[in-house]
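Q: Quick one: this structure, given as structure tokens, is what I'll be asking you about.
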Amino acid sequence: MEIATAETWYETRRLADDVTYIGEPFIKEFYRCNIWHVRGRDRDLLVDSGMGVVSLRQQVPLVTERPCLAVASHTHFDHIGSHHEFAERLVHAAEAELLAAPTRANTLADPYVTDDIFTRLPPAPYRSTEYRVRKAPATRLLADGDILDLGDRSFEVIHTPGHSPGGIALFEAETGILFAGDIVYDGPLVEDTYHANLADYIASMRRLLDLPVSIVHGGHFPSFDRARLQAIIRAWLAEKER
């Protein structure tokens, strides 16, 4: 398989409301985490950090321009790989131990990370059989209802267990932006991880159903509006509750 260069590993796309999408285009879509950067007046926000196979800070200068809160929507390998590169690392308390002591098993690198998840391999010395997330102990533990203050804008932490016990979404009431992590996105949802819980998943989906969102930026796949959010959730709940 062809090998990518570090310089081509990431792509960025500027969206509305000072939100920037950062992606890893050589990871197949199902496995590719959406990394979200939000510009604030006093500090920036990074929601998830990708696989960490190429330095995010070195290749995407945007994330180094001012103090940055690196938030983990949850602690699976595709979402926390570059968290160790940031001084301020935030995660829900239920998954703090995983961020501090990641293994191939508890981050789901085993069994998911193989050469087959790529269209081009990361640059040397990467090997799929040796890949693992580097430890990045949290500097702040999050709980439901916490506020992340960027100076001129703020995001509320919504605890959304189900996909994993410490999953969170971030909601900015002023703009209606929801960073949903992996609890809901416009693609095949993963409900069978080793620490998934269906009852929690149902409760989280019900909680998000009537949230006054304008746009949802999920952990995977393209962003979508409130109508699509409600359609996804209602169809999912109907399937689970029949």
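Here's how to read the names in the structure tokens: chain A, B, ... by the order shown, residue numbers from 1 in each chain, ligand numbers from 1 in the order shown.
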Segment 176-215 of chain A: which residues are helix (DSSP H, G or I) by DSSP, as a ChimeraX atom specification?
A: /A:198-209
Q: Could you write out that same residue set with N, CA and C atoms as a CSV table (one decimal), in the first residue's frame?
A:
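Saved file result-v3.csv follows:
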chain,number,residue,atom,x,y,z
A,198,LEU,N,-27.0,-0.3,26.4
A,198,LEU,CA,-28.2,0.1,25.6
A,198,LEU,C,-29.1,1.0,26.3
A,199,ALA,N,-29.4,0.7,27.6
A,199,ALA,CA,-30.3,1.5,28.4
A,199,ALA,C,-29.8,3.0,28.5
A,200,ASP,N,-28.5,3.1,28.7
A,200,ASP,CA,-27.9,4.5,28.7
A,200,ASP,C,-28.0,5.1,27.3
A,201,TYR,N,-27.8,4.3,26.3
A,201,TYR,CA,-27.8,4.8,24.9
A,201,TYR,C,-29.2,5.4,24.6
A,202,ILE,N,-30.2,4.7,25.0
A,202,ILE,CA,-31.6,5.1,24.8
A,202,ILE,C,-31.9,6.4,25.5
A,203,ALA,N,-31.4,6.5,26.8
A,203,ALA,CA,-31.7,7.7,27.5
A,203,ALA,C,-30.9,8.9,26.9
A,204,SER,N,-29.7,8.7,26.5
A,204,SER,CA,-29.0,9.8,25.8
A,204,SER,C,-29.6,10.2,24.6
A,205,MET,N,-30.1,9.3,23.8
A,205,MET,CA,-30.8,9.7,22.5
A,205,MET,C,-32.1,10.5,22.8
A,206,ARG,N,-32.8,10.0,23.8
A,206,ARG,CA,-34.0,10.8,24.1
A,206,ARG,C,-33.7,12.2,24.6
A,207,ARG,N,-32.6,12.3,25.3
A,207,ARG,CA,-32.2,13.6,25.8
A,207,ARG,C,-31.8,14.6,24.7
A,208,LEU,N,-31.2,14.1,23.7
A,208,LEU,CA,-30.8,14.9,22.5
A,208,LEU,C,-31.9,15.2,21.6
A,209,LEU,N,-33.0,14.5,21.6
A,209,LEU,CA,-34.0,14.6,20.6
A,209,LEU,C,-34.6,16.0,20.5
Q: What are the nearest atom pairs, with distances in Å to one decimal, for all residues of segment 63-148 of chain A that come at most 12 Å from segment 217-238 of chain A, using only C-alpha atoms, set out by chain and rising residue number as a Markdown table?
A:
| residue | atom | partner | partner_atom | distance |
| --- | --- | --- | --- | --- |
| A:Ala72 | CA | A:Gly219 | CA | 10.6 |
| A:Ser73 | CA | A:Gly219 | CA | 8.1 |
| A:His74 | CA | A:Gly219 | CA | 9.8 |
| A:Thr75 | CA | A:Gly219 | CA | 11.9 |
| A:His76 | CA | A:Gly219 | CA | 11.1 |
| A:Asp78 | CA | A:Gly219 | CA | 9.5 |
| A:His79 | CA | A:Gly219 | CA | 8.2 |
| A:Ile80 | CA | A:Gly219 | CA | 11.7 |
Q: Generate the output file for the selected residues, N, CA and C atoms, as a PDB file, in the first residue's frame.
A:
ATOM      1  N   ALA A  72     -11.873  15.287  25.050  1.00  0.00           N
ATOM      2  CA  ALA A  72     -12.153  13.961  24.505  1.00  0.00           C
ATOM      3  C   ALA A  72     -13.653  13.712  24.594  1.00  0.00           C
ATOM      4  N   SER A  73     -14.308  13.541  23.448  1.00  0.00           N
ATOM      5  CA  SER A  73     -15.730  13.186  23.494  1.00  0.00           C
ATOM      6  C   SER A  73     -15.903  11.809  24.129  1.00  0.00           C
ATOM      7  N   HIS A  74     -14.884  10.964  24.001  1.00  0.00           N
ATOM      8  CA  HIS A  74     -14.759   9.672  24.676  1.00  0.00           C
ATOM      9  C   HIS A  74     -13.357   9.171  24.356  1.00  0.00           C
ATOM     10  N   THR A  75     -12.998   7.978  24.821  1.00  0.00           N
ATOM     11  CA  THR A  75     -11.583   7.603  24.792  1.00  0.00           C
ATOM     12  C   THR A  75     -11.253   6.433  23.869  1.00  0.00           C
ATOM     13  N   HIS A  76     -11.960   6.280  22.771  1.00  0.00           N
ATOM     14  CA  HIS A  76     -11.566   5.283  21.782  1.00  0.00           C
ATOM     15  C   HIS A  76     -10.403   5.819  20.955  1.00  0.00           C
ATOM     16  N   ASP A  78      -9.459   6.360  17.989  1.00  0.00           N
ATOM     17  CA  ASP A  78      -9.555   7.300  16.877  1.00  0.00           C
ATOM     18  C   ASP A  78      -9.863   8.721  17.324  1.00  0.00           C
ATOM     19  N   HIS A  79     -10.144   8.906  18.619  1.00  0.00           N
ATOM     20  CA  HIS A  79     -10.531  10.216  19.131  1.00  0.00           C
ATOM     21  C   HIS A  79      -9.495  10.862  20.054  1.00  0.00           C
ATOM     22  N   ILE A  80      -8.520  10.118  20.532  1.00  0.00           N
ATOM     23  CA  ILE A  80      -7.607  10.669  21.557  1.00  0.00           C
ATOM     24  C   ILE A  80      -6.132  10.507  21.217  1.00  0.00           C
TER      25      ILE A  80
END
Q: Could you give me the residues within segment 2-232 of chain A that DSSP places in strand (DSSP E), as number ranges by chain?
A: A: 11-14, 19-23, 35-38, 44-47, 68-71, 88-92, 140-142, 147-149, 154-159, 168-172, 177-181, 215-218, 224-225
Q: Now that the selection is made, can you save its residues with N, CA and C atoms as a short mmCIF file (atom, residue, chain, number, x, y, z; two decimals), in the first residue's frame?
A:
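What landed in out39.cif:
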data_model
loop_
_atom_site.label_atom_id
_atom_site.label_comp_id
_atom_site.auth_asym_id
_atom_site.auth_seq_id
_atom_site.Cartn_x
_atom_site.Cartn_y
_atom_site.Cartn_z
N GLU A 11 -6.24 17.25 6.58
CA GLU A 11 -6.88 18.27 5.77
C GLU A 11 -7.72 19.14 6.69
N THR A 12 -7.92 20.39 6.33
CA THR A 12 -8.75 21.29 7.14
C THR A 12 -9.77 21.98 6.25
N ARG A 13 -10.90 22.31 6.86
CA ARG A 13 -11.96 23.01 6.14
C ARG A 13 -12.65 23.96 7.10
N ARG A 14 -12.63 25.24 6.80
CA ARG A 14 -13.22 26.27 7.65
C ARG A 14 -14.73 26.31 7.43
N VAL A 19 -15.66 27.59 13.32
CA VAL A 19 -15.44 26.15 13.50
C VAL A 19 -14.63 25.65 12.31
N THR A 20 -13.60 24.86 12.58
CA THR A 20 -12.79 24.26 11.52
C THR A 20 -12.81 22.74 11.66
N TYR A 21 -13.10 22.09 10.55
CA TYR A 21 -13.02 20.63 10.49
C TYR A 21 -11.58 20.23 10.19
N ILE A 22 -11.06 19.27 10.93
CA ILE A 22 -9.74 18.70 10.67
C ILE A 22 -9.95 17.20 10.47
N GLY A 23 -9.48 16.68 9.35
CA GLY A 23 -9.68 15.27 9.07
C GLY A 23 -8.39 14.58 8.66
N ILE A 35 -12.25 15.72 13.70
CA ILE A 35 -11.61 16.58 14.71
C ILE A 35 -12.17 17.98 14.50
N TRP A 36 -12.64 18.60 15.59
CA TRP A 36 -13.27 19.91 15.48
C TRP A 36 -12.49 20.96 16.26
N HIS A 37 -12.17 22.05 15.62
CA HIS A 37 -11.48 23.17 16.28
C HIS A 37 -12.42 24.38 16.31
N VAL A 38 -12.51 25.00 17.48
CA VAL A 38 -13.38 26.16 17.66
C VAL A 38 -12.54 27.34 18.14
N ASP A 44 -8.98 28.45 22.65
CA ASP A 44 -9.67 27.67 21.64
C ASP A 44 -10.11 26.33 22.22
N LEU A 45 -10.92 25.65 21.45
CA LEU A 45 -11.45 24.35 21.85
C LEU A 45 -11.14 23.35 20.76
N LEU A 46 -10.63 22.18 21.16
CA LEU A 46 -10.40 21.08 20.23
C LEU A 46 -11.23 19.91 20.72
N VAL A 47 -12.16 19.46 19.87
CA VAL A 47 -12.99 18.32 20.22
C VAL A 47 -12.43 17.10 19.50
N CYS A 68 -5.37 26.07 24.20
CA CYS A 68 -6.39 25.22 23.59
C CYS A 68 -6.83 24.14 24.57
N LEU A 69 -8.14 24.03 24.76
CA LEU A 69 -8.71 22.97 25.59
C LEU A 69 -8.94 21.75 24.71
N ALA A 70 -8.18 20.68 24.94
CA ALA A 70 -8.33 19.45 24.17
C ALA A 70 -9.31 18.54 24.89
N VAL A 71 -10.51 18.45 24.34
CA VAL A 71 -11.59 17.69 24.97
C VAL A 71 -11.73 16.34 24.27
N GLU A 88 -3.68 21.15 28.17
CA GLU A 88 -4.96 21.10 28.87
C GLU A 88 -5.82 20.00 28.22
N ARG A 89 -6.04 18.93 28.99
CA ARG A 89 -6.72 17.74 28.48
C ARG A 89 -7.95 17.45 29.34
N LEU A 90 -9.12 17.44 28.70
CA LEU A 90 -10.37 17.33 29.43
C LEU A 90 -11.11 16.07 28.99
N VAL A 91 -11.70 15.37 29.99
CA VAL A 91 -12.44 14.15 29.70
C VAL A 91 -13.46 13.95 30.81
N HIS A 92 -14.55 13.26 30.51
CA HIS A 92 -15.51 12.94 31.56
C HIS A 92 -14.85 12.02 32.58
N ARG A 140 -8.30 18.14 33.66
CA ARG A 140 -9.61 18.56 34.18
C ARG A 140 -10.63 17.46 33.89
N LEU A 141 -11.38 17.09 34.91
CA LEU A 141 -12.43 16.10 34.76
C LEU A 141 -13.77 16.80 34.55
N LEU A 142 -14.53 16.30 33.61
CA LEU A 142 -15.80 16.92 33.25
C LEU A 142 -16.98 16.15 33.81
N ILE A 147 -19.45 23.96 32.18
CA ILE A 147 -19.37 24.95 31.11
C ILE A 147 -17.90 25.12 30.69
N LEU A 148 -17.66 25.06 29.40
CA LEU A 148 -16.33 25.34 28.85
C LEU A 148 -16.36 26.77 28.31
N ASP A 149 -15.63 27.65 28.96
CA ASP A 149 -15.66 29.07 28.67
C ASP A 149 -14.46 29.44 27.79
N SER A 154 -19.39 29.92 25.02
CA SER A 154 -19.32 28.85 26.01
C SER A 154 -20.10 27.64 25.54
N PHE A 155 -19.63 26.47 25.97
CA PHE A 155 -20.24 25.20 25.60
C PHE A 155 -20.60 24.44 26.87
N GLU A 156 -21.81 23.90 26.87
CA GLU A 156 -22.26 23.08 28.00
C GLU A 156 -21.94 21.62 27.74
N VAL A 157 -21.43 20.95 28.77
CA VAL A 157 -21.14 19.52 28.69
C VAL A 157 -22.44 18.74 28.93
N ILE A 158 -22.77 17.87 27.99
CA ILE A 158 -23.92 16.97 28.14
C ILE A 158 -23.39 15.55 28.21
N HIS A 159 -23.57 14.91 29.34
CA HIS A 159 -23.11 13.52 29.49
C HIS A 159 -24.01 12.62 28.66
N ILE A 168 -19.48 12.29 25.94
CA ILE A 168 -20.08 13.60 26.14
C ILE A 168 -20.37 14.26 24.81
N ALA A 169 -21.33 15.19 24.83
CA ALA A 169 -21.58 16.12 23.73
C ALA A 169 -21.38 17.52 24.28
N LEU A 170 -21.11 18.46 23.40
CA LEU A 170 -20.92 19.85 23.79
C LEU A 170 -21.92 20.71 23.02
N PHE A 171 -22.67 21.55 23.75
CA PHE A 171 -23.73 22.36 23.14
C PHE A 171 -23.51 23.83 23.41
N GLU A 172 -23.53 24.62 22.34
CA GLU A 172 -23.45 26.08 22.45
C GLU A 172 -24.84 26.64 22.18
N ILE A 177 -24.94 25.04 18.02
CA ILE A 177 -23.96 24.04 17.59
C ILE A 177 -23.90 22.91 18.61
N LEU A 178 -23.95 21.67 18.13
CA LEU A 178 -23.78 20.50 18.98
C LEU A 178 -22.64 19.66 18.44
N PHE A 179 -21.62 19.48 19.26
CA PHE A 179 -20.58 18.49 18.96
C PHE A 179 -21.01 17.20 19.66
N ALA A 180 -21.37 16.19 18.87
CA ALA A 180 -22.09 15.04 19.41
C ALA A 180 -21.20 13.84 19.73
N GLY A 181 -19.93 13.88 19.35
CA GLY A 181 -19.11 12.69 19.59
C GLY A 181 -19.68 11.50 18.84
N ILE A 215 -27.08 22.87 14.10
CA ILE A 215 -26.22 21.97 13.33
C ILE A 215 -25.53 20.99 14.28
N VAL A 216 -25.37 19.78 13.81
CA VAL A 216 -24.71 18.74 14.60
C VAL A 216 -23.41 18.36 13.90
N HIS A 217 -22.31 18.50 14.62
CA HIS A 217 -21.00 18.04 14.14
C HIS A 217 -20.69 16.76 14.92
N GLY A 218 -20.85 15.62 14.27
CA GLY A 218 -20.66 14.35 14.93
C GLY A 218 -19.21 13.89 14.94
N PHE A 224 -24.95 17.68 10.02
CA PHE A 224 -26.35 17.69 9.60
C PHE A 224 -27.16 18.61 10.50
N ASP A 225 -28.43 18.87 10.12
CA ASP A 225 -29.25 19.83 10.84
C ASP A 225 -30.17 19.14 11.85
#
Q: Could you work out how far atom CA of Arg32 of chain A lies from atom CA of Asp192 of chain A, giving the answer in Å with one decimal?
A: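 Distance between the two atoms: 18.2 Å.
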Q: Hey, can you check how far atom CA of Asp186 of chain A sits from atom CA of Pro161 of chain A?
A: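 Atom-to-atom, atom CA of Asp186 of chain A to atom CA of Pro161 of chain A, that is 18.1 Å.
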Q: For Glu65 of chain A, work out the shell of residues within 12 Å, counting only C-alpha atoms and skipping chain neighbours fewer than 2 positions away, then give it as a VMD selection string.
A: chain A and resid 37 to 45 57 to 58 60 to 63 67 to 68
Q: At what distance in Å, to one decimal, does atom CA of Asn34 of chain A lie from atom CA of Gly81 of chain A?
A: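 The value is 12.5 Å.
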Q: Name all residues at most 10 Å from Phe77 of chain A (count only C-alpha atoms; drop same-chain ones fewer than 4 positions away) and give them as a list in words.
A: Tyr31, Cys33, Ser49, Gly50, Met51, Gly52, Gly81, Ser82, Leu99, Pro102, Thr103, Arg104, Ala105, Asn106, Thr107, Leu108, Ala109, Asp110, Tyr112, Val113, Tyr131, Arg132, Val133 and Arg134 of chain A
Q: Excluding His163 of chain A and any residue of its chain fewer than 5 positions from it, enumerate the residues within 6 Å of it, using only C-alpha atoms, and give them as a list in words.
A: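 Using only C-alpha atoms, the neighbours found are Ile183, Glu191 and Ala196 of chain A.
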Q: Please, could you write that set of residues out with C-alpha atoms as a CSV table (one decimal), in the first residue's frame?
A:
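As written to disk, again28.csv reads:
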chain,number,residue,atom,x,y,z
A,183,ILE,CA,-23.5,9.0,20.5
A,191,GLU,CA,-23.6,0.0,20.0
A,196,ALA,CA,-21.5,0.1,25.7
Q: Looking at only C-alpha atoms, which of A:Lys135, A:Lys28, A:His83, A:His195 is the one that sits closest to Ser55 of chain A?
A: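 Going through A:Lys135, A:Lys28, A:His83, A:His195 one by one, the smallest distance to Ser55 of chain A is for A:His83.
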Q: Excluding same-chain residues fewer than 2 positions from Tyr126 of chain A, what lies within 12 Å of it counting only C-alpha atoms, as a ChimeraX atom specification?
A: /A:3-6,51-54,113-115,120-124,128-132
Q: Take the residues from that selection and write them out as an mmCIF file, in the first residue's frame, keeping N, CA and C atoms.
A:
data_model
loop_
_atom_site.group_PDB
_atom_site.id
_atom_site.type_symbol
_atom_site.label_atom_id
_atom_site.label_comp_id
_atom_site.auth_asym_id
_atom_site.auth_seq_id
_atom_site.Cartn_x
_atom_site.Cartn_y
_atom_site.Cartn_z
ATOM 1 N N ILE A 3 2.344 4.849 0.886
ATOM 2 C CA ILE A 3 2.547 5.492 2.185
ATOM 3 C C ILE A 3 2.411 7.006 2.039
ATOM 4 N N ALA A 4 1.625 7.608 2.901
ATOM 5 C CA ALA A 4 1.414 9.056 2.870
ATOM 6 C C ALA A 4 2.588 9.781 3.510
ATOM 7 N N THR A 5 2.678 11.070 3.257
ATOM 8 C CA THR A 5 3.660 11.903 3.939
ATOM 9 C C THR A 5 2.996 12.598 5.121
ATOM 10 N N ALA A 6 3.797 13.006 6.071
ATOM 11 C CA ALA A 6 3.255 13.728 7.226
ATOM 12 C C ALA A 6 2.557 15.008 6.783
ATOM 13 N N MET A 51 -6.168 9.882 15.389
ATOM 14 C CA MET A 51 -5.407 8.664 15.737
ATOM 15 C C MET A 51 -4.043 8.952 16.350
ATOM 16 N N GLY A 52 -3.483 10.121 16.058
ATOM 17 C CA GLY A 52 -2.173 10.436 16.613
ATOM 18 C C GLY A 52 -1.008 9.800 15.887
ATOM 19 N N VAL A 53 -1.218 9.325 14.657
ATOM 20 C CA VAL A 53 -0.131 8.674 13.920
ATOM 21 C C VAL A 53 0.806 9.680 13.279
ATOM 22 N N VAL A 54 0.358 10.924 13.165
ATOM 23 C CA VAL A 54 1.174 12.054 12.717
ATOM 24 C C VAL A 54 0.889 13.199 13.673
ATOM 25 N N VAL A 113 -7.630 -1.595 14.612
ATOM 26 C CA VAL A 113 -6.520 -0.999 13.867
ATOM 27 C C VAL A 113 -5.726 -2.072 13.129
ATOM 28 N N THR A 114 -5.943 -2.100 11.828
ATOM 29 C CA THR A 114 -5.162 -2.928 10.907
ATOM 30 C C THR A 114 -4.850 -2.064 9.689
ATOM 31 N N ASP A 115 -4.024 -2.556 8.794
ATOM 32 C CA ASP A 115 -3.729 -1.803 7.573
ATOM 33 C C ASP A 115 -4.991 -1.561 6.746
ATOM 34 N N ARG A 120 -4.084 4.969 2.442
ATOM 35 C CA ARG A 120 -2.630 5.101 2.409
ATOM 36 C C ARG A 120 -2.141 4.950 3.837
ATOM 37 N N LEU A 121 -1.033 4.283 4.024
ATOM 38 C CA LEU A 121 -0.518 4.076 5.376
ATOM 39 C C LEU A 121 0.140 5.345 5.901
ATOM 40 N N PRO A 122 0.122 5.542 7.212
ATOM 41 C CA PRO A 122 0.864 6.660 7.797
ATOM 42 C C PRO A 122 2.360 6.498 7.531
ATOM 43 N N PRO A 123 3.098 7.593 7.581
ATOM 44 C CA PRO A 123 4.538 7.514 7.322
ATOM 45 C C PRO A 123 5.274 6.704 8.383
ATOM 46 N N ALA A 124 6.434 6.189 8.004
ATOM 47 C CA ALA A 124 7.287 5.439 8.922
ATOM 48 C C ALA A 124 7.607 6.312 10.132
ATOM 49 N N SER A 128 0.794 -0.974 12.049
ATOM 50 C CA SER A 128 -0.514 -1.205 12.661
ATOM 51 C C SER A 128 -0.432 -2.166 13.836
ATOM 52 N N THR A 129 0.429 -3.171 13.747
ATOM 53 C CA THR A 129 0.535 -4.160 14.826
ATOM 54 C C THR A 129 1.131 -3.575 16.091
ATOM 55 N N GLU A 130 1.817 -2.430 15.980
ATOM 56 C CA GLU A 130 2.461 -1.815 17.136
ATOM 57 C C GLU A 130 1.761 -0.535 17.592
ATOM 58 N N TYR A 131 0.730 -0.140 16.873
ATOM 59 C CA TYR A 131 0.047 1.112 17.201
ATOM 60 C C TYR A 131 -0.600 1.040 18.583
ATOM 61 N N ARG A 132 -0.456 2.113 19.321
ATOM 62 C CA ARG A 132 -1.197 2.292 20.565
ATOM 63 C C ARG A 132 -1.239 3.776 20.898
#
